[in-house]
Amino acid sequence: MLFGSFLLAFGLGAQPVDTVAIRADRDERWDQLSDNQLIRLDWAARTWTWPADSLTGRMLRTPRGPKRDSLLVWLEEGGAAGDVRKRVEAIKKRRYQVATEAFNYTGDLRGLDLSLFWYGIYDVDGTWKLRPVRVKAELSEFPSGSGGLEFDLKTNREQGSHFLFGSPVRLDSVDLGLVREGSAVLMPGSQADLGALKASDKMYRGSLVLYATGSVNGVGADCPELGGYALIAGVRASDQSWLRRDTLGGVVDSLNACPPEVHWSGDLMGDGVPDALLYQKVTGGIRLVLYLSDAVPNEEELWARVAEWTMRY
């Protein structure tokens, strides 16, 4: 293996060395790679079916130290294809979060994962922007007297965000597409048009519509008494026919009886399909539920429910 590594180095563009100077464990220099590096490059070339000479040349053109070490690890993990694979795996795990900036927040902060890539959604003079932020939770300087711990949730930006979105992967989308903010409550028989899809061939062309079915059986204290309520996301063609539909579970149930509304919708993940943040009244507070199109486990689903955020009055 050692002899083969030397042949690899000579045949793939490494600088020739005096045979007298060759030792059993050749050290790394600016103009040559160590035996360990050559062995690892050979493994990466065979594993990912790459031309080994180009890998060796790239390593030699990279300065010694952390940069060369990082490049070698990146190549072993599959390079650009490895980055895509890790991104897909992270998306499938659905480790997303949604939150809002708040003062005197009394909820449980242990579930807030600050290691995610956090973004704020802002309305800047009528144009919606997705901007990276640092989220911080500070003990409230002026507690309201509720008796428990109270926190102020802030970001490093002066402008307050519409909401905060935590993602396990970096987002490079600056075009949020058609943004809808605040719609009527989705009572049975009502709908919200979230805009046209600009997706790849895996998605049907048409408009994404969110609509509700069921019945109103009576008047409740906080919201109507609903029967057989169902919330459905569907893609509708220009001739008004339905191309595909997906029933969203867990929005209205025995614990959360009020119908939701679309608090905000736009293309958070940059895949050409609108995502949506739903707003819902719950006992003693409000609940935000986030649905993403880019986190679905299979092509039968339009949206996946990935996160929720509850604030108590």
# chains A, B, ... in the order shown; residues from 1 in each chain; ligands from 1
call {"tool": "residues_around", "arguments": {"residues": "A:Ser140", "least_positions_apart": "2", "cutoff": "8 Å", "atoms": "only C-alpha atoms", "output": "ChimeraX atom specification"}}
result
/A:103-104,138,142-143,150-152
call {"tool": "select_by_dssp", "arguments": {"residues": "stretch 45-83 of chain A", "states": "alpha helix (DSSP H)", "output": "ChimeraX atom specification"}}
result
/A:45-47,52-61,66-76,79-83
call {"tool": "select_by_dssp", "arguments": {"residues": "stretch 196-234 of chain A", "states": "strand (DSSP E)", "output": "PyMOL selection string"}}
result
chain A and resi 196+207-218+225-234
call {"tool": "write_last_selection", "arguments": {"atoms": "all heavy atoms", "output": "short mmCIF file (atom, residue, chain, number, x, y, z; two decimals), in the first residue's frame"}}
result
data_model
loop_
_atom_site.label_atom_id
_atom_site.label_comp_id
_atom_site.auth_asym_id
_atom_site.auth_seq_id
_atom_site.Cartn_x
_atom_site.Cartn_y
_atom_site.Cartn_z
N ALA A 196 -49.39 30.62 -7.37
CA ALA A 196 -48.99 29.61 -8.34
C ALA A 196 -47.70 28.91 -7.93
O ALA A 196 -46.84 29.49 -7.27
CB ALA A 196 -48.79 30.25 -9.72
N SER A 207 -52.13 26.35 -9.02
CA SER A 207 -52.12 27.20 -7.84
C SER A 207 -52.34 26.36 -6.59
O SER A 207 -53.12 25.40 -6.60
CB SER A 207 -53.21 28.27 -7.93
OG SER A 207 -52.92 29.21 -8.92
N LEU A 208 -51.65 26.75 -5.52
CA LEU A 208 -51.82 26.05 -4.25
C LEU A 208 -52.94 26.72 -3.46
O LEU A 208 -52.91 27.93 -3.22
CB LEU A 208 -50.52 26.09 -3.45
CG LEU A 208 -50.51 25.31 -2.14
CD1 LEU A 208 -50.77 23.83 -2.39
CD2 LEU A 208 -49.18 25.49 -1.42
N VAL A 209 -53.92 25.94 -3.08
CA VAL A 209 -55.10 26.45 -2.38
C VAL A 209 -55.26 25.70 -1.07
O VAL A 209 -55.09 24.47 -1.01
CB VAL A 209 -56.37 26.28 -3.24
CG1 VAL A 209 -57.60 26.75 -2.47
CG2 VAL A 209 -56.23 27.05 -4.55
N LEU A 210 -55.55 26.43 -0.01
CA LEU A 210 -55.84 25.83 1.28
C LEU A 210 -57.32 26.06 1.57
O LEU A 210 -57.80 27.19 1.54
CB LEU A 210 -54.97 26.50 2.35
CG LEU A 210 -54.99 25.89 3.75
CD1 LEU A 210 -54.43 24.47 3.72
CD2 LEU A 210 -54.16 26.75 4.71
N TYR A 211 -58.05 24.98 1.81
CA TYR A 211 -59.48 25.13 2.06
C TYR A 211 -59.94 24.20 3.18
O TYR A 211 -59.24 23.23 3.54
CB TYR A 211 -60.29 24.90 0.78
CG TYR A 211 -60.29 23.48 0.26
CD1 TYR A 211 -61.33 22.59 0.57
CD2 TYR A 211 -59.27 23.02 -0.58
CE1 TYR A 211 -61.35 21.31 0.08
CE2 TYR A 211 -59.28 21.74 -1.09
CZ TYR A 211 -60.32 20.87 -0.76
OH TYR A 211 -60.34 19.59 -1.25
N ALA A 212 -61.11 24.52 3.74
CA ALA A 212 -61.63 23.78 4.88
C ALA A 212 -63.00 23.20 4.56
O ALA A 212 -63.81 23.82 3.86
CB ALA A 212 -61.73 24.69 6.10
N THR A 213 -63.25 22.01 5.08
CA THR A 213 -64.56 21.37 4.96
C THR A 213 -65.07 21.04 6.36
O THR A 213 -64.33 21.09 7.34
CB THR A 213 -64.48 20.08 4.12
OG1 THR A 213 -63.58 19.16 4.76
CG2 THR A 213 -63.97 20.39 2.72
N GLY A 214 -66.33 20.68 6.46
CA GLY A 214 -66.93 20.35 7.74
C GLY A 214 -68.20 21.15 7.96
O GLY A 214 -68.80 21.66 7.01
N SER A 215 -68.61 21.27 9.21
CA SER A 215 -69.85 21.97 9.53
C SER A 215 -69.70 22.75 10.82
O SER A 215 -68.83 22.45 11.65
CB SER A 215 -71.01 20.97 9.66
OG SER A 215 -70.74 20.06 10.73
N VAL A 216 -70.53 23.78 10.97
CA VAL A 216 -70.60 24.56 12.22
C VAL A 216 -71.83 24.08 12.97
O VAL A 216 -72.96 24.24 12.50
CB VAL A 216 -70.68 26.07 11.92
CG1 VAL A 216 -70.80 26.86 13.21
CG2 VAL A 216 -69.47 26.54 11.12
N ASN A 217 -71.60 23.50 14.15
CA ASN A 217 -72.70 22.88 14.90
C ASN A 217 -73.24 23.76 16.02
O ASN A 217 -74.26 23.43 16.62
CB ASN A 217 -72.24 21.55 15.50
CG ASN A 217 -71.86 20.55 14.41
OD1 ASN A 217 -72.33 20.66 13.28
ND2 ASN A 217 -71.01 19.60 14.76
N GLY A 218 -72.53 24.85 16.33
CA GLY A 218 -73.02 25.69 17.41
C GLY A 218 -72.05 26.82 17.70
O GLY A 218 -71.02 26.97 17.05
N GLU A 225 -68.45 25.77 17.45
CA GLU A 225 -68.36 24.31 17.59
C GLU A 225 -68.37 23.70 16.19
O GLU A 225 -69.32 23.90 15.42
CB GLU A 225 -69.54 23.79 18.41
CG GLU A 225 -69.54 24.26 19.86
CD GLU A 225 -70.72 23.72 20.64
OE1 GLU A 225 -71.53 22.95 20.04
OE2 GLU A 225 -70.86 24.06 21.82
N LEU A 226 -67.31 22.99 15.85
CA LEU A 226 -67.15 22.45 14.51
C LEU A 226 -67.38 20.95 14.51
O LEU A 226 -67.08 20.25 15.48
CB LEU A 226 -65.73 22.75 13.99
CG LEU A 226 -65.32 24.23 13.97
CD1 LEU A 226 -63.86 24.37 13.53
CD2 LEU A 226 -66.24 25.02 13.05
N GLY A 227 -67.88 20.45 13.40
CA GLY A 227 -68.07 19.02 13.23
C GLY A 227 -67.41 18.55 11.94
O GLY A 227 -67.56 19.17 10.90
N GLY A 228 -66.66 17.46 12.02
CA GLY A 228 -66.03 16.88 10.84
C GLY A 228 -65.07 17.82 10.14
O GLY A 228 -64.97 17.77 8.90
N TYR A 229 -64.40 18.67 10.89
CA TYR A 229 -63.53 19.68 10.27
C TYR A 229 -62.31 19.02 9.63
O TYR A 229 -61.66 18.14 10.22
CB TYR A 229 -63.08 20.70 11.31
CG TYR A 229 -62.30 21.87 10.73
CD1 TYR A 229 -62.95 23.02 10.32
CD2 TYR A 229 -60.92 21.82 10.60
CE1 TYR A 229 -62.26 24.10 9.79
CE2 TYR A 229 -60.20 22.88 10.07
CZ TYR A 229 -60.87 24.01 9.67
OH TYR A 229 -60.17 25.08 9.14
N ALA A 230 -61.98 19.47 8.43
CA ALA A 230 -60.77 19.01 7.73
C ALA A 230 -60.14 20.19 7.00
O ALA A 230 -60.85 21.00 6.38
CB ALA A 230 -61.09 17.89 6.76
N LEU A 231 -58.83 20.27 7.08
CA LEU A 231 -58.07 21.31 6.38
C LEU A 231 -57.29 20.63 5.26
O LEU A 231 -56.55 19.67 5.51
CB LEU A 231 -57.13 22.02 7.34
CG LEU A 231 -56.48 23.31 6.85
CD1 LEU A 231 -57.54 24.36 6.54
CD2 LEU A 231 -55.50 23.83 7.89
N ILE A 232 -57.44 21.12 4.03
CA ILE A 232 -56.90 20.43 2.86
C ILE A 232 -56.07 21.40 2.03
O ILE A 232 -56.51 22.52 1.73
CB ILE A 232 -58.04 19.84 2.01
CG1 ILE A 232 -58.87 18.86 2.86
CG2 ILE A 232 -57.48 19.13 0.77
CD1 ILE A 232 -60.16 18.45 2.23
N ALA A 233 -54.87 20.98 1.66
CA ALA A 233 -54.03 21.73 0.72
C ALA A 233 -54.14 21.04 -0.63
O ALA A 233 -54.01 19.82 -0.72
CB ALA A 233 -52.58 21.76 1.19
N GLY A 234 -54.40 21.80 -1.67
CA GLY A 234 -54.58 21.20 -2.99
C GLY A 234 -53.98 22.05 -4.08
O GLY A 234 -53.83 23.27 -3.94
#
call {"tool": "residues_around", "arguments": {"residues": "A:Arg312", "least_positions_apart": "3", "cutoff": "10 Å", "atoms": "only C-alpha atoms", "output": "list of chain:residue names"}}
result
A:Tyr105, A:Thr106, A:Gly107, A:Val282, A:Thr283, A:Gly284, A:Gly285, A:Ile286, A:Arg287
call {"tool": "atom_distance", "arguments": {"atom1": "atom CA of A:Trp264", "atom2": "atom CA of A:Gly111"}}
result
23.0 Å
call {"tool": "atom_distance", "arguments": {"atom1": "atom CA of A:Ala81", "atom2": "atom CA of A:Arg170"}}
result
15.9 Å
call {"tool": "closest_residue", "arguments": {"among": "A:Val251, A:Leu290, A:Val133, A:Leu75", "to": "A:Leu277", "atoms": "only C-alpha atoms"}}
result
A:Leu290
call {"tool": "residues_around", "arguments": {"residues": "A:Trp309", "least_positions_apart": "6", "cutoff": "7 Å", "atoms": "only C-alpha atoms", "output": "ChimeraX atom specification"}}
result
/A:98-99,287-289
call {"tool": "closest_residue", "arguments": {"among": "A:Gln37, A:Thr310, A:Thr62, A:Ser265", "to": "A:Ser293", "atoms": "only C-alpha atoms"}}
result
A:Ser265
